[in-house]
Structure formats: C-alpha cells, structure tokens
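**Q** Quick one: the structure is below, questions incoming.
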Amino acid sequence: MKPSATSVNTRKVLQRIPGVGPSLAQDLVDLGIRSVPALRRRSPERLYEQLCTLRGQHQDRCVLYVFRCAVYFASEQSPDPERLKWWNWKDPQPPAKTT
C-alpha cells in the first residue's frame with residue numbers, strides 16, 4: 001500500500017528535527033505525532049515506552065536519546081546547537097570508581 005501524500009509530508013516535516021530520519025519520523029507518526037510542536041511538553045521516556053509497546057519489542061536505547069533531543073528541539077525557540085546532537089542526550093554515566 002502506497003503511503004498517502006499527507007503521511008509523506010508529515011514525515012518530511014518531522015525529519016527537520018535533528019537526528020530524525022525516515023524511520024524515526026515514521027515511528028513518531030505511528031505514535032500520533034503529526035508536527036514538531038506536537039512534541040512540546042511530551043515525555044521522551046513515555047514516547048519510548050509507547051514505541052516499545054507498539055512494536056512489541058525493545059527498541060534501541062538511542063531512540064530514547066533522539067526523542068529527548070526532539071522534545072528539546074520542539075520546546076526551545078533558540079536551541080543550543082550542542083544540545084541538538086542526540087548523543088548529548090544519553091543516560092548519565094555513574095562516576096568512575098577510584099581505587
């Protein structure tokens with residue numbers, strides 16, 4: 001089945017978000033996200049949990065990091081360019097043990 005023009009346009013709009021390519025744009029559409037502003041005040045962790053449930057399997061943790069970046073991008077008028085890199089949204093690492 002060929003995707004509708006609306007679906008294709010929605011995915012293209014969502015791909016403006018740093019780190020979001022065609023696959024993640026489709027994931028967002030499948031989660032009910034139809035625009036960048038629709039991500040404002042959304043919980044990246046909840047989006048990630050919903051996607052895991054929707055797909056019926058665990059998703060790569062990097063998807064959560066991109067969702068964190070996407071929510072930040074949607075919520076900020078003048079986002080910090082360094083914070084628009086999904087890898088800067090990884091889980092905090094525990095401090096290294098010193099011996």
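Chain labels A, B, ... are given in the sequence in which chains occur in the structure tokens; within each chain residues are numbered consecutively from 1, and ligands are likewise numbered from 1 in the order shown.
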Using only C-alpha atoms, which protein or nucleic acid residues come within 7 Å of stretch 66-80 of chain A? Drop anything in the same chain fewer than 2 positions from it, and give the result as a PyMOL selection string.
**A** chain A and resi 17+19+36-37+39-40+42+44+62-64+82-84+86+89
**Q** Take the residues that were just selected and, keeping C-alpha atoms, output them as a JSON list (two decimals), in the first residue's frame.
**A**
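What follows is the written file out00.json:
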```
[["chain", "number", "residue", "atom", "x", "y", "z"],
["A", 17, "ILE", "CA", 14.25, 17.54, 13.79],
["A", 19, "GLY", "CA", 18.66, 13.13, 14.39],
["A", 36, "VAL", "CA", 7.14, 19.38, 15.56],
["A", 37, "PRO", "CA", 5.11, 21.50, 18.05],
["A", 39, "LEU", "CA", 6.31, 17.18, 20.80],
["A", 40, "ARG", "CA", 6.31, 20.11, 23.24],
["A", 42, "ARG", "CA", 5.77, 15.38, 25.83],
["A", 44, "PRO", "CA", 10.56, 11.34, 25.81],
["A", 62, "CYS", "CA", 19.44, 5.54, 21.01],
["A", 63, "VAL", "CA", 15.79, 6.04, 20.03],
["A", 64, "LEU", "CA", 15.16, 7.44, 23.52],
["A", 82, "GLU", "CA", 25.37, 21.40, 21.07],
["A", 83, "ARG", "CA", 22.14, 20.09, 22.58],
["A", 84, "LEU", "CA", 20.81, 19.29, 19.10],
["A", 86, "TRP", "CA", 21.28, 13.22, 20.01],
["A", 89, "TRP", "CA", 21.15, 13.14, 25.48]]
```
**Q** Which of chain A end up as helix (DSSP H, G or I) when DSSP is run on this backbone - answer as a ChimeraX atom specification?
**A** /A:5-14,22-30,37-39,44-55,61-75,81-84,86-89
**Q** Write out as an MDAnalysis selection string which residues come within 10 Å of A:Ile33 when counting only C-alpha atoms, dropping same-chain ones fewer than 4 positions away.
**A** chainID A and resid 10:11 14 25:29 37:39 47
**Q** Which residue gives the smallest distance to A:Thr53 among A:Pro95, A:Arg41, A:Asp30, A:Trp87, with only C-alpha atoms counted?
**A**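 Once distances to A:Thr53 are computed over only C-alpha atoms, the minimum belongs to A:Asp30.
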